[in-house]
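Engineer: As input, take final28.tsv (TSV, C-alpha atoms):
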```tsv
chain	number	residue	atom	x	y	z
A	388	VAL	CA	0.00	0.00	0.00
A	389	THR	CA	3.00	2.23	0.66
A	390	GLY	CA	3.72	4.60	-2.22
A	391	ARG	CA	0.22	4.47	-3.64
A	392	SER	CA	-1.92	7.53	-4.02
A	393	LEU	CA	-4.96	8.18	-1.83
A	394	PRO	CA	-7.53	7.07	-4.48
A	395	GLN	CA	-5.60	3.84	-5.00
A	396	ARG	CA	-5.51	3.12	-1.26
A	397	LEU	CA	-9.23	3.81	-0.99
A	398	ALA	CA	-9.93	1.50	-3.93
A	399	VAL	CA	-7.90	-1.32	-2.33
A	400	ARG	CA	-9.70	-0.90	0.99
A	401	GLY	CA	-13.03	-0.85	-0.81
A	402	ARG	CA	-12.29	-4.11	-2.62
A	403	ARG	CA	-11.20	-5.70	0.66
A	404	GLY	CA	-14.41	-4.52	2.32
A	405	ILE	CA	-16.50	-5.97	-0.49
A	406	THR	CA	-14.63	-9.27	-0.25
A	407	ARG	CA	-15.20	-9.43	3.50
A	408	GLY	CA	-18.86	-8.50	3.08
A	409	ARG	CA	-19.36	-11.27	0.56
A	410	ALA	CA	-17.68	-13.75	2.89
A	411	VAL	CA	-19.94	-12.69	5.78
A	412	TRP	CA	-23.01	-12.96	3.54
A	413	ARG	CA	-22.00	-16.47	2.41
A	414	ARG	CA	-21.71	-17.56	6.03
A	415	LEU	CA	-25.05	-16.00	6.95
A	416	SER	CA	-26.90	-17.37	3.91
A	417	ALA	CA	-25.57	-20.83	4.69
A	418	ARG	CA	-27.48	-20.87	7.98
A	419	PRO	CA	-30.63	-23.01	7.67
A	420	GLY	CA	-33.09	-20.35	8.83
A	421	ILE	CA	-31.74	-17.59	6.58
A	422	ALA	CA	-31.37	-19.99	3.66
A	423	HIS	CA	-35.01	-20.95	4.12
A	424	LEU	CA	-36.07	-17.28	4.04
A	425	LEU	CA	-34.05	-16.72	0.87
A	426	ARG	CA	-35.67	-19.71	-0.81
A	427	ALA	CA	-39.09	-18.39	0.18
A	428	GLY	CA	-38.28	-14.93	-1.19
A	429	GLU	CA	-37.08	-16.37	-4.48
A	430	ARG	CA	-40.19	-18.50	-4.84
A	431	PHE	CA	-42.44	-15.54	-4.02
A	432	THR	CA	-40.77	-13.45	-6.73
A	433	ASP	CA	-40.45	-16.17	-9.36
A	434	ARG	CA	-44.08	-17.24	-8.99
A	435	LEU	CA	-45.59	-13.76	-9.38
A	436	GLY	CA	-46.35	-13.19	-5.71
A	437	GLY	CA	-46.67	-9.44	-6.22
A	438	GLN	CA	-49.12	-9.84	-9.10
A	439	PHE	CA	-51.22	-12.34	-7.16
A	440	ALA	CA	-51.23	-9.97	-4.17
A	441	ALA	CA	-52.50	-7.16	-6.43
A	442	ALA	CA	-55.38	-9.34	-7.66
A	443	ILE	CA	-56.24	-10.34	-4.09
A	444	THR	CA	-56.16	-6.65	-3.07
A	445	TYR	CA	-58.63	-5.69	-5.80
A	446	PHE	CA	-61.14	-8.42	-5.01
A	447	SER	CA	-60.68	-7.92	-1.25
A	448	PHE	CA	-61.73	-4.30	-1.58
A	449	LEU	CA	-64.57	-5.25	-3.92
A	450	SER	CA	-65.78	-8.09	-1.69
A	451	LEU	CA	-65.71	-6.32	1.67
A	452	VAL	CA	-69.13	-4.68	1.54
A	453	PRO	CA	-71.22	-7.49	-0.07
A	454	ILE	CA	-69.74	-10.14	2.21
A	455	LEU	CA	-70.61	-8.05	5.26
A	456	MET	CA	-74.09	-7.49	3.82
A	457	VAL	CA	-74.74	-11.22	3.41
A	458	SER	CA	-73.16	-12.13	6.74
A	459	PHE	CA	-75.27	-9.70	8.75
A	460	SER	CA	-78.37	-10.46	6.77
A	461	VAL	CA	-77.98	-14.07	7.85
A	462	ALA	CA	-77.02	-13.02	11.38
A	463	GLY	CA	-80.11	-10.79	11.50
A	464	PHE	CA	-82.35	-13.81	10.89
A	465	VAL	CA	-80.43	-16.20	13.14
A	466	LEU	CA	-79.94	-13.78	16.05
A	467	ALA	CA	-83.29	-12.00	15.80
A	468	ALA	CA	-84.17	-13.21	19.28
A	469	ARG	CA	-80.76	-12.27	20.74
A	470	PRO	CA	-80.06	-8.62	19.85
A	471	ASP	CA	-77.35	-8.44	22.52
A	472	LEU	CA	-75.26	-11.03	20.64
A	473	LEU	CA	-75.79	-9.15	17.39
A	474	VAL	CA	-74.59	-5.91	19.00
A	475	ALA	CA	-71.53	-7.68	20.42
A	476	LEU	CA	-70.72	-9.17	17.02
A	477	LYS	CA	-71.02	-5.77	15.36
A	478	ARG	CA	-68.77	-4.22	18.00
A	479	GLU	CA	-66.05	-6.81	17.42
A	480	ILE	CA	-66.17	-6.38	13.62
A	481	THR	CA	-65.99	-2.58	13.75
A	482	ALA	CA	-63.21	-2.77	16.34
A	483	SER	CA	-61.15	-4.90	13.93
A	484	MET	CA	-61.33	-2.25	11.19
A	485	PRO	CA	-58.01	-0.46	10.60
A	486	SER	CA	-59.47	3.07	10.91
A	487	SER	CA	-62.26	4.80	12.82
A	488	GLN	CA	-63.77	6.26	9.62
A	489	LEU	CA	-63.99	2.84	8.04
A	490	ALA	CA	-65.39	1.40	11.27
A	491	ASP	CA	-68.20	4.01	11.25
A	492	SER	CA	-69.02	3.25	7.61
A	493	VAL	CA	-69.03	-0.49	8.22
A	494	GLY	CA	-71.20	0.01	11.31
A	495	GLN	CA	-73.79	1.91	9.27
A	496	LEU	CA	-73.78	-0.79	6.60
A	497	ILE	CA	-74.29	-3.43	9.28
A	498	ASP	CA	-77.28	-1.55	10.71
A	499	GLN	CA	-78.82	-1.26	7.25
A	500	ALA	CA	-78.18	-4.93	6.52
A	501	VAL	CA	-79.86	-6.00	9.74
A	502	GLY	CA	-82.77	-3.58	9.31
A	503	GLN	CA	-83.51	-4.78	5.75
A	504	LYS	CA	-82.41	-8.37	6.07
A	505	LEU	CA	-84.17	-9.91	3.08
A	506	THR	CA	-83.50	-7.21	0.46
A	507	VAL	CA	-79.93	-6.58	1.53
A	508	GLY	CA	-79.26	-10.29	1.74
A	509	ILE	CA	-80.44	-10.95	-1.84
A	510	VAL	CA	-78.57	-7.98	-3.35
A	511	GLY	CA	-75.46	-8.69	-1.32
A	512	LEU	CA	-75.57	-12.36	-2.25
A	513	LEU	CA	-75.62	-11.56	-5.97
A	514	ILE	CA	-72.67	-9.17	-5.68
A	515	ALA	CA	-70.79	-11.49	-3.33
A	516	ALA	CA	-71.32	-14.40	-5.72
A	517	TYR	CA	-69.06	-12.61	-8.19
A	518	SER	CA	-66.60	-10.75	-6.02
A	519	GLY	CA	-66.36	-13.35	-3.27
A	520	LEU	CA	-65.78	-16.30	-5.60
A	521	SER	CA	-63.25	-14.29	-7.63
A	522	TRP	CA	-61.45	-13.36	-4.42
A	523	MET	CA	-61.38	-16.94	-3.19
A	524	GLY	CA	-60.22	-18.22	-6.57
A	525	ASN	CA	-57.31	-15.77	-6.62
A	526	VAL	CA	-56.33	-16.58	-3.04
A	527	ARG	CA	-56.48	-20.31	-3.74
A	528	ASP	CA	-54.43	-20.09	-6.94
A	529	ALA	CA	-51.91	-17.77	-5.30
A	530	VAL	CA	-51.40	-20.01	-2.28
A	531	ARG	CA	-51.11	-23.14	-4.40
A	532	ALA	CA	-48.64	-21.44	-6.73
A	533	GLN	CA	-46.40	-20.59	-3.76
A	534	TRP	CA	-46.96	-23.91	-2.05
A	535	ARG	CA	-46.49	-26.71	-4.58
A	536	PRO	CA	-42.94	-27.82	-5.45
A	537	THR	CA	-43.27	-26.99	-9.18
A	538	TRP	CA	-44.66	-23.88	-10.88
A	539	THR	CA	-46.92	-25.85	-13.24
A	540	ARG	CA	-49.89	-27.71	-11.83
A	541	PRO	CA	-49.61	-31.52	-11.87
A	542	GLU	CA	-52.45	-33.50	-13.38
A	543	HIS	CA	-53.74	-34.83	-10.05
A	544	ALA	CA	-54.01	-31.26	-8.70
A	545	ARG	CA	-56.25	-30.02	-11.50
A	546	SER	CA	-60.05	-29.88	-11.43
A	547	THR	CA	-62.84	-29.13	-13.88
A	548	PHE	CA	-64.31	-25.67	-14.42
A	549	VAL	CA	-67.52	-26.48	-12.54
A	550	MET	CA	-65.78	-28.20	-9.64
A	551	THR	CA	-63.42	-25.24	-9.28
A	552	TYR	CA	-66.35	-22.91	-8.57
A	553	VAL	CA	-68.00	-25.49	-6.33
A	554	TRP	CA	-64.87	-25.82	-4.20
A	555	ASP	CA	-64.42	-22.04	-4.16
A	556	LEU	CA	-67.99	-21.68	-2.88
A	557	ILE	CA	-67.40	-24.30	-0.19
A	558	SER	CA	-64.10	-22.65	0.78
A	559	LEU	CA	-65.70	-19.21	0.96
A	560	ALA	CA	-68.52	-20.54	3.13
A	561	GLY	CA	-65.99	-22.24	5.39
A	562	LEU	CA	-63.97	-19.05	5.67
A	563	LEU	CA	-67.06	-17.03	6.62
A	564	VAL	CA	-67.90	-19.57	9.31
A	565	ALA	CA	-64.31	-19.44	10.59
A	566	VAL	CA	-64.38	-15.64	10.68
A	567	LEU	CA	-67.70	-15.56	12.55
A	568	VAL	CA	-66.42	-18.16	15.03
A	569	THR	CA	-63.23	-16.20	15.68
A	570	PHE	CA	-65.18	-12.96	16.15
A	571	ALA	CA	-67.40	-14.76	18.64
A	572	LEU	CA	-64.39	-16.22	20.44
A	573	THR	CA	-62.78	-12.78	20.59
A	574	ALA	CA	-65.95	-11.28	22.04
A	575	VAL	CA	-66.24	-14.09	24.59
A	576	GLY	CA	-62.55	-13.82	25.55
A	577	THR	CA	-62.73	-10.05	26.04
A	578	ALA	CA	-65.97	-10.32	28.02
A	579	ALA	CA	-64.50	-13.10	30.16
A	580	GLN	CA	-61.47	-10.99	30.99
A	581	THR	CA	-63.67	-8.06	32.04
A	582	LEU	CA	-65.93	-10.37	34.04
A	583	VAL	CA	-63.08	-12.03	35.93
A	584	ILE	CA	-61.51	-8.68	36.78
A	585	GLY	CA	-64.91	-7.46	38.00
A	586	TRP	CA	-65.36	-10.54	40.20
A	587	LEU	CA	-61.93	-9.98	41.75
A	588	GLY	CA	-62.65	-6.28	42.29
A	589	LEU	CA	-59.51	-5.16	40.49
A	590	GLN	CA	-61.05	-2.60	38.15
A	591	ASP	CA	-59.14	0.29	39.71
A	592	GLY	CA	-55.76	-1.44	39.79
A	593	HIS	CA	-53.36	0.65	37.69
A	594	TRP	CA	-50.90	-2.21	37.63
A	595	LEU	CA	-53.43	-4.13	35.51
A	596	THR	CA	-53.14	-1.65	32.63
A	597	PRO	CA	-50.51	-3.73	30.76
A	598	VAL	CA	-52.65	-6.84	31.22
A	599	LEU	CA	-55.78	-5.08	29.97
A	600	THR	CA	-53.83	-3.81	26.97
A	601	VAL	CA	-51.99	-7.00	26.05
A	602	GLY	CA	-54.83	-9.39	26.88
A	603	PRO	CA	-57.17	-8.42	23.99
A	604	VAL	CA	-54.22	-8.43	21.57
A	605	VAL	CA	-53.31	-11.98	22.57
A	606	VAL	CA	-56.93	-13.04	22.17
A	607	ARG	CA	-57.06	-11.48	18.69
A	608	ILE	CA	-53.80	-13.18	17.67
A	609	CYS	CA	-55.16	-16.55	18.82
A	610	ALA	CA	-58.31	-15.95	16.80
A	611	ASP	CA	-56.22	-14.94	13.76
A	612	VAL	CA	-54.19	-18.14	14.11
A	613	LEU	CA	-57.40	-20.14	13.65
A	614	ILE	CA	-58.27	-18.29	10.43
A	615	CYS	CA	-54.73	-18.50	9.04
A	616	GLY	CA	-54.47	-22.14	10.02
A	617	TRP	CA	-57.72	-22.81	8.19
A	618	GLY	CA	-56.41	-21.06	5.08
A	619	TYR	CA	-53.03	-22.79	5.07
A	620	THR	CA	-54.74	-26.15	5.63
A	621	MET	CA	-57.68	-26.00	3.24
A	622	LEU	CA	-56.37	-23.94	0.32
A	623	PRO	CA	-53.29	-26.00	-0.68
A	624	HIS	CA	-53.89	-29.23	-2.53
A	625	ARG	CA	-54.09	-32.16	-0.12
A	626	ALA	CA	-51.05	-33.82	-1.74
A	627	PHE	CA	-48.81	-30.93	-0.63
A	628	ARG	CA	-50.06	-30.13	2.87
A	629	ALA	CA	-47.41	-29.36	5.47
A	630	ASP	CA	-46.94	-30.84	8.92
A	631	ARG	CA	-48.69	-29.33	11.93
A	632	ARG	CA	-45.61	-27.69	13.44
A	633	THR	CA	-44.80	-25.78	10.25
A	634	LEU	CA	-48.45	-24.78	9.83
A	635	LEU	CA	-48.61	-23.52	13.40
A	636	ILE	CA	-45.43	-21.44	13.01
A	637	GLY	CA	-46.64	-19.99	9.71
A	638	SER	CA	-50.12	-19.22	11.07
A	639	LEU	CA	-48.69	-17.55	14.17
A	640	ALA	CA	-46.28	-15.47	12.09
A	641	MET	CA	-49.09	-14.35	9.79
A	642	SER	CA	-51.31	-13.49	12.76
A	643	VAL	CA	-48.62	-11.31	14.32
A	644	CYS	CA	-48.00	-9.62	10.93
A	645	PHE	CA	-51.71	-8.94	10.57
A	646	GLU	CA	-52.01	-7.30	13.98
A	647	VAL	CA	-48.84	-5.24	13.45
A	648	LEU	CA	-50.05	-4.05	10.02
A	649	LYS	CA	-53.46	-3.21	11.45
A	650	ALA	CA	-51.91	-1.15	14.25
A	651	ALA	CA	-49.57	0.60	11.80
A	652	LEU	CA	-52.44	1.38	9.46
A	653	THR	CA	-54.48	2.87	12.31
A	654	ILE	CA	-51.63	5.27	13.07
A	655	LEU	CA	-51.13	6.06	9.37
A	656	VAL	CA	-54.80	6.84	8.74
A	657	LYS	CA	-54.93	9.11	11.79
A	658	ARG	CA	-51.91	11.02	10.50
A	659	MET	CA	-53.37	11.27	7.00
A	660	SER	CA	-56.74	12.45	8.33
A	661	SER	CA	-55.13	15.62	9.66
A	662	SER	CA	-55.07	17.09	6.13
A	663	PRO	CA	-58.18	17.84	4.00
A	664	SER	CA	-57.14	15.54	1.15
A	665	GLY	CA	-56.13	12.82	3.59
A	666	ALA	CA	-59.52	13.01	5.30
A	667	VAL	CA	-61.20	12.32	1.94
A	668	PHE	CA	-58.90	9.69	0.49
A	669	GLY	CA	-56.92	8.51	3.53
A	670	SER	CA	-59.20	5.63	4.50
A	671	VAL	CA	-59.45	4.28	0.95
A	672	ILE	CA	-55.72	4.53	0.26
A	673	GLY	CA	-54.90	3.12	3.66
A	674	LEU	CA	-57.30	0.21	3.22
A	675	LEU	CA	-55.85	-0.65	-0.21
A	676	LEU	CA	-52.34	-0.51	1.23
A	677	PHE	CA	-53.43	-2.66	4.15
A	678	PHE	CA	-55.01	-5.29	1.89
A	679	ASN	CA	-51.94	-5.40	-0.33
A	680	LEU	CA	-49.46	-5.75	2.54
A	681	VAL	CA	-51.60	-8.44	4.18
A	682	ALA	CA	-51.86	-10.33	0.87
A	683	ARG	CA	-48.10	-10.10	0.35
A	684	ALA	CA	-47.39	-11.31	3.88
A	685	PHE	CA	-49.90	-14.15	3.51
A	686	LEU	CA	-48.31	-15.34	0.25
A	687	MET	CA	-44.76	-14.83	1.52
A	688	ILE	CA	-45.47	-17.05	4.51
A	689	ALA	CA	-47.17	-19.53	2.16
A	690	ALA	CA	-43.92	-19.60	0.17
A	691	TRP	CA	-41.99	-20.08	3.43
A	692	VAL	CA	-44.19	-23.03	4.38
A	693	GLY	CA	-44.02	-24.40	0.83
A	694	THR	CA	-40.20	-24.39	0.89
A	695	SER	CA	-39.97	-26.08	4.28
A	696	ALA	CA	-38.98	-29.68	4.77
A	697	GLY	CA	-42.46	-30.50	6.05
A	698	VAL	CA	-44.11	-30.20	2.61
A	699	PRO	CA	-44.08	-33.39	0.53
A	700	ASP	CA	-42.90	-33.35	-3.08
A	701	GLY	CA	-46.17	-34.86	-4.28
```
Is it possible to give me this structure as structure tokens?
Structural biologist:
Amino acid sequence: VTGRSLPQRLAVRGRRGITRGRAVWRRLSARPGIAHLLRAGERFTDRLGGQFAAAITYFSFLSLVPILMVSFSVAGFVLAARPDLLVALKREITASMPSSQLADSVGQLIDQAVGQKLTVGIVGLLIAAYSGLSWMGNVRDAVRAQWRPTWTRPEHARSTFVMTYVWDLISLAGLLVAVLVTFALTAVGTAAQTLVIGWLGLQDGHWLTPVLTVGPVVVRICADVLICGWGYTMLPHRAFRADRRTLLIGSLAMSVCFEVLKAALTILVKRMSSSPSGAVFGSVIGLLLFFNLVARAFLMIAAWVGTSAGVPDG
């Protein structure tokens, strides 16, 4: 190095730094966990994960209102004799919305759906028949594309045109049931926590603030695990289903991502609502961003599960 000019010495040090960085990266990428993440990222990119996420985002936004219309039309008939349960269900759904503006809009739609059960149910069912089935078809194809060992579908994993829509309808109905069950479990878990604290007479205990804050979040994550576990179990073809441990880890990771994204979106929408243009478009833009990030996370974790050792080669 002696006798060289300053630019030459800097160039030599730069090349040495690059060489060391590459060596460190080779050691890190050789670790099983990081290598698994890299394989999942490559599969997500190679199998059009971003494009599938965009399609899921579009049909998620399109399906939100009609699915809620049909769900609460049915709930209005089933729970006509128990208005308290209907109110609790509405409260849990609006509480899960990523922004207060969207929660108010959804709450008004729910009231209209319950008040005009038959008409809203028929109209919502017709719209949901298109948007809901298209959404489920895109989610199914996206998950299977990330999950199966090869990009092309094998013969035993293909189905006829009619059976595809039949299975999508069954899957959509199963998902709605799973969502309603998890909302009910969340409501019951939150009510049970409040009831137990009331029995113990600890309502005024300031030291319980962390428990009262973390408790509902843990309940929501457990409920999300059930929905994600259902999706990662039912959507892939049965020949490529993963083992329970891998499914549990993937479902838990997706549930945590969902809650983190929901909390981040709540903060983002509040910040955007401070400006006039943000108050008009903030909820819509935020909801589209939320749907897209959730879809990407869901498919990325599907690719992670699909590249794990627990998935058979078919």
Engineer: Would you compute the distance between CA of Val530 in chain A and CA of Ala690 in chain A? Give it in Å to one decimal.
Structural biologist: 7.9 Å
Engineer: Just how far from CA of Leu567 in chain A is CA of Gly436 in chain A, in Å to one decimal?
Structural biologist: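 Taking CA of Gly436 in chain A and CA of Leu567 in chain A, their separation equals 28.2 Å.
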Engineer: Using all atoms listed in the file, find all polymer residues with an atom at most 10 Å away from the point (-55.1, -27.9, -0.5); report them as a PyMOL selection string.
Structural biologist: chain A and resi 527+530-531+534-535+544+618-629
Engineer: In terms of the shortest atom-to-atom distance over all atoms listed in the file, which of A:Gln395, A:Ala650, A:Leu473, A:Glu479 is closest to Asp498 in chain A?
Structural biologist: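 For Asp498 in chain A, the nearest of the given residues is A:Leu473.
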Engineer: Ranking A:Leu680, A:Ala398, A:Leu674, A:Ala440 by minimum distance to Asp528 in chain A and counting all atoms listed in the file, which one comes first?
Structural biologist: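 Among the listed residues, the smallest separation from Asp528 in chain A belongs to A:Ala440.
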Engineer: Have a look at CA of Asp611 in chain A and CA of Phe677 in chain A and let me know their distance in Å, one decimal.
Structural biologist: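 Going from CA of Asp611 in chain A over to CA of Phe677 in chain A, I get 15.8 Å.
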Engineer: Can you pull out every residue within 9 Å of Leu449 in chain A, counting all atoms listed in the file, but drop anything in the same chain fewer than 2 positions away, and send it as number ranges by chain?
Structural biologist: A: 444-447, 451-453, 515, 518-519, 522
Engineer: Compare A:Gly673, A:Gly401, A:Gly693, A:Gly524 by their minimum atom-to-atom distance to Phe448 in chain A, counting all atoms listed in the file, and give me the closest one.
Structural biologist: A:Gly673
Engineer: I need the residue nearest Trp617 in chain A from this list: A:Thr653, A:Ser558, A:Thr551, A:Thr633. Use only C-alpha atoms for the distance.
Structural biologist: A:Ser558
